[in-house]
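Notes follow the structure.
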Amino acid sequence: MITFSEIETTTKRASKAAGFSWGVAEEIGKSIRSLELFGLPGIINLNQYLKKIKKKHPTKITKIEKENKTADKEFCPIYSGVAFLDRCLELEKLKSLKFYNVSYPLLMLPFISRASEIMSKKILVQFDNSSFLLNFDKSIFSKNIEKQAQSQAKVVNIEFIENKNSFSEQDWKELYKLSEETFVDESDSLKKTAAGAGLTDND
Amino acid sequence: MSKLNIKLRDPNEVMKLSRLGSFHQSKLSFLRSFIREFKDWEYKRNIFELDKDGYGVAVYSFEKNKRSYSLICFAQYINPNERSDRVIATKWDTAFVLHDGIPTQEDINRLKENVPKQEIGRMSYKELALSRANKSVRVFDHVVNSLSEGKQPDKNLLNKVGYLYRTTAVYGSGKFGLADRFRIKNRKEVYGPFRLEMMLVYLVRQFTFDQVNHIAKNKNPGKAVQLDENIARNLGIGNSTGLGMAPFIVNHPTLLHKWIYSREKALKEIRSIEVVSNEEFIFFKNCLTKSQSIVDTWLTESEYQNKKINSLKSDLIKFNQFIEKDCSIKVKYLWNTIYLWVEKNLNEECVEYIVSMMMEPYDKIVDPLINNMSSEEEQYFSIPGHRKISELKKILEKKYQSIIKINFKEKNSIANFWFISKNKEEPRVANRYEEQGAELEQPLAIARDIKQLYEKILKTNQSETVADFLLNNDDLRHVVRRAFINDQFPYSEIQDNTIGASLMPIDMLRLKLSFFGAVKFDPRSDKWLRINMYQGAPLSHELKNSDDTWIYNSLN
């Protein structure tokens, strides 16, 4: 089995050879390692993408807005991902974003996943029939993912999920009540000797 | 709390290559902390199936609380003209792998097919470190012949060499299929850096003793004697080390910081001690005396190293006079007085030697630092894109003061380039003007790239964000990342030019090897050197009762 360390080193070098700068290649190494750790087909997608851009290196993204369309044929998932990661705190206020025509969209995911950790917010990413819930770069929940490479997505939707409970107040109350059964009722004499008791606090 | 308010030493001074290349082993060194951690583990020789010539398989293990680690050794015959210490070799006298747990016969069979092949073999997640070693033929044959004739070997010859075998590489952390570090990083006993590699080398040393005894016995069953334990204890394991280590310290900035910071913190705390006890001072002096006699056994043909050794020896004479005449425990902040005198009067080689020695009496200061010498580098990888260029500029001006003064337009400032060799995928350094391949340069010219970054941001709108700057300057992304890391971890960066004409790559190796705990630095060129590990270390059956000053026991 190829180790994650080997995956990171080789993908970094291959990405440099494909024309990315060393700094971006370092990001790609970490990203593909992360995709593979989460059980997603990072190597397959990267390999095909690097072959695709061998003759013509992709154009760099110049800015990110709520709706992103490119004059080029498609967005590079790496440059888009890196730019998203670098400005994620600034993008948060948009609440959701769209990228139209993204090449090998899975390769964008690990950058958004790292952004989720930096922002302390879950992020929902959807393209075509697949959806991914990115949880602070700790895990990626996915639905309908392609095991093979997916060469393009017409639209990549990115939605920042507000930090809120996934349960009702009633659920919480019931659970809390049950937890109270581990507490002991304090006697009056114990209350008198507890920390801070007995003295005036106005001293 | 010290009244003196002693500060950590300035990274701009400590992180110069000449200083880092003068570091010596200390109580923080990994082979010493390995022995402290594993001394109460159960050591066993599980399998020893060698033929009369010493070829075959052996397994050694450490066990405690249902956890075990095993070294599997494969010894084979090789033609003398196939024996090479160079990384391009394809056959070795012995090959070793450290296995997680006790190997089954199936594991051994699998590993037998792969371990002797080293880089072209494949290990599994159950293996933790990989190595190979060649005999020091002159010493090995002499020891076998002497023992088989019922005599102990010539100590003078052994002292000159110091080992029976030399390892030529020790691999870990995910290389060639070995377990990735994340699989084991939460185990307390292997939390210290390179602890598994240190275990491997320690057990290899034991194998070398068992193998010579075994061959001698088979050669002359009626007359052979065992290698005297006092002689064995004085033998370590040699190692030939090339440039592979140099990029490691550049590519792991937060780890480098943790190592150097631990050393600097120990020094600061020791210098802050107001009252030094007589016991502590005598302990220091004893270690110093013992260690000095070992310096005399550091033999090398390297002019560079001999100059360093001679400087150390003459400085130690001055230091001894100072200690005897001017130092007393009646002096408050004695260690600080000593340090200031040393820094003012002695060369870097001896300054760092004394710094290492000053740690010896202070388990209570050093021990807590050991567990802080690993790093989760991933945590510091992301670039804070929201920060302003003005902030980045301040960081560069403060943290790279001397680097941004270097003129990289001068030919000599960029004389070398680092690359990965195609035939062995190993790092190499070459002259930019004489060799081909500079266009495939590795990102290890940090000083040059930092200077380039600095020049670029001087021309950039200072209120721009780093994220905006990177949109148009992603060729500098790797050094932007480093600058922000250095802002948090001041000892993370070598404060020197690693591609200049005067570069001594072995300074980078020496830094790392000193943290390993290696001694007897013997440079064979400016690009590789031989060292010795575990000379004087307790033998496996002595581990439980060993004390941490064993490193000063060799030859004593």
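Numbering starts fresh at 1 for the residues of each chain in the structure tokens, the chains themselves are lettered A, B, ... in the order given, and ligands are numbered from 1 as they appear.
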Let's see if you can do this: from backbone DSSP, list all helix (DSSP H, G or I) residues in stretch 519-548 of chain B, as an MDAnalysis selection string. chainID B and resid 540:545 548
May I have the residues of chain A within 6 Å of chain B, counting only C-alpha atoms, written as a VMD selection string? chain A and resid 2 to 3 5 21 23 86 to 87
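Close contacts of stretch 499-503 of chain B, defined as residues with an atom at most 6 Å away when counting only C-alpha atoms, with chain neighbours fewer than 5 positions off set aside, comprise Asn412, Ser413, Ile414, Ala415, Asn416 and Phe417 of chain B.
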Shell around stretch 8-17 of chain B at 7 Å using only C-alpha atoms, local window under 2 positions removed, as a PyMOL selection string: chain B and resi 6+19-21+264-265+268+490-491+493-496+507-508
Å distance separating atom CA of B:Pro221 from atom CA of B:Val139, one decimal place: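 One can read the atom CA of B:Pro221 to atom CA of B:Val139 distance as 21.0 Å.
Among A:Phe111, A:Phe160, A:Phe20, A:Phe75, the residue with the shortest atom-to-atom distance to A:Leu94, counting only C-alpha atoms, is A:Phe160.
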Interatomic distance between atom CA of A:Leu178 and atom CA of A:Lys164? 22.6 Å
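Using only C-alpha atoms, the contacts of A:Gln150 at a cut-off of 9 Å, with sequence neighbours closer than 5 positions omitted, comprise Asn45, Ser103, Tyr104, Pro105 and Leu106 of chain A.
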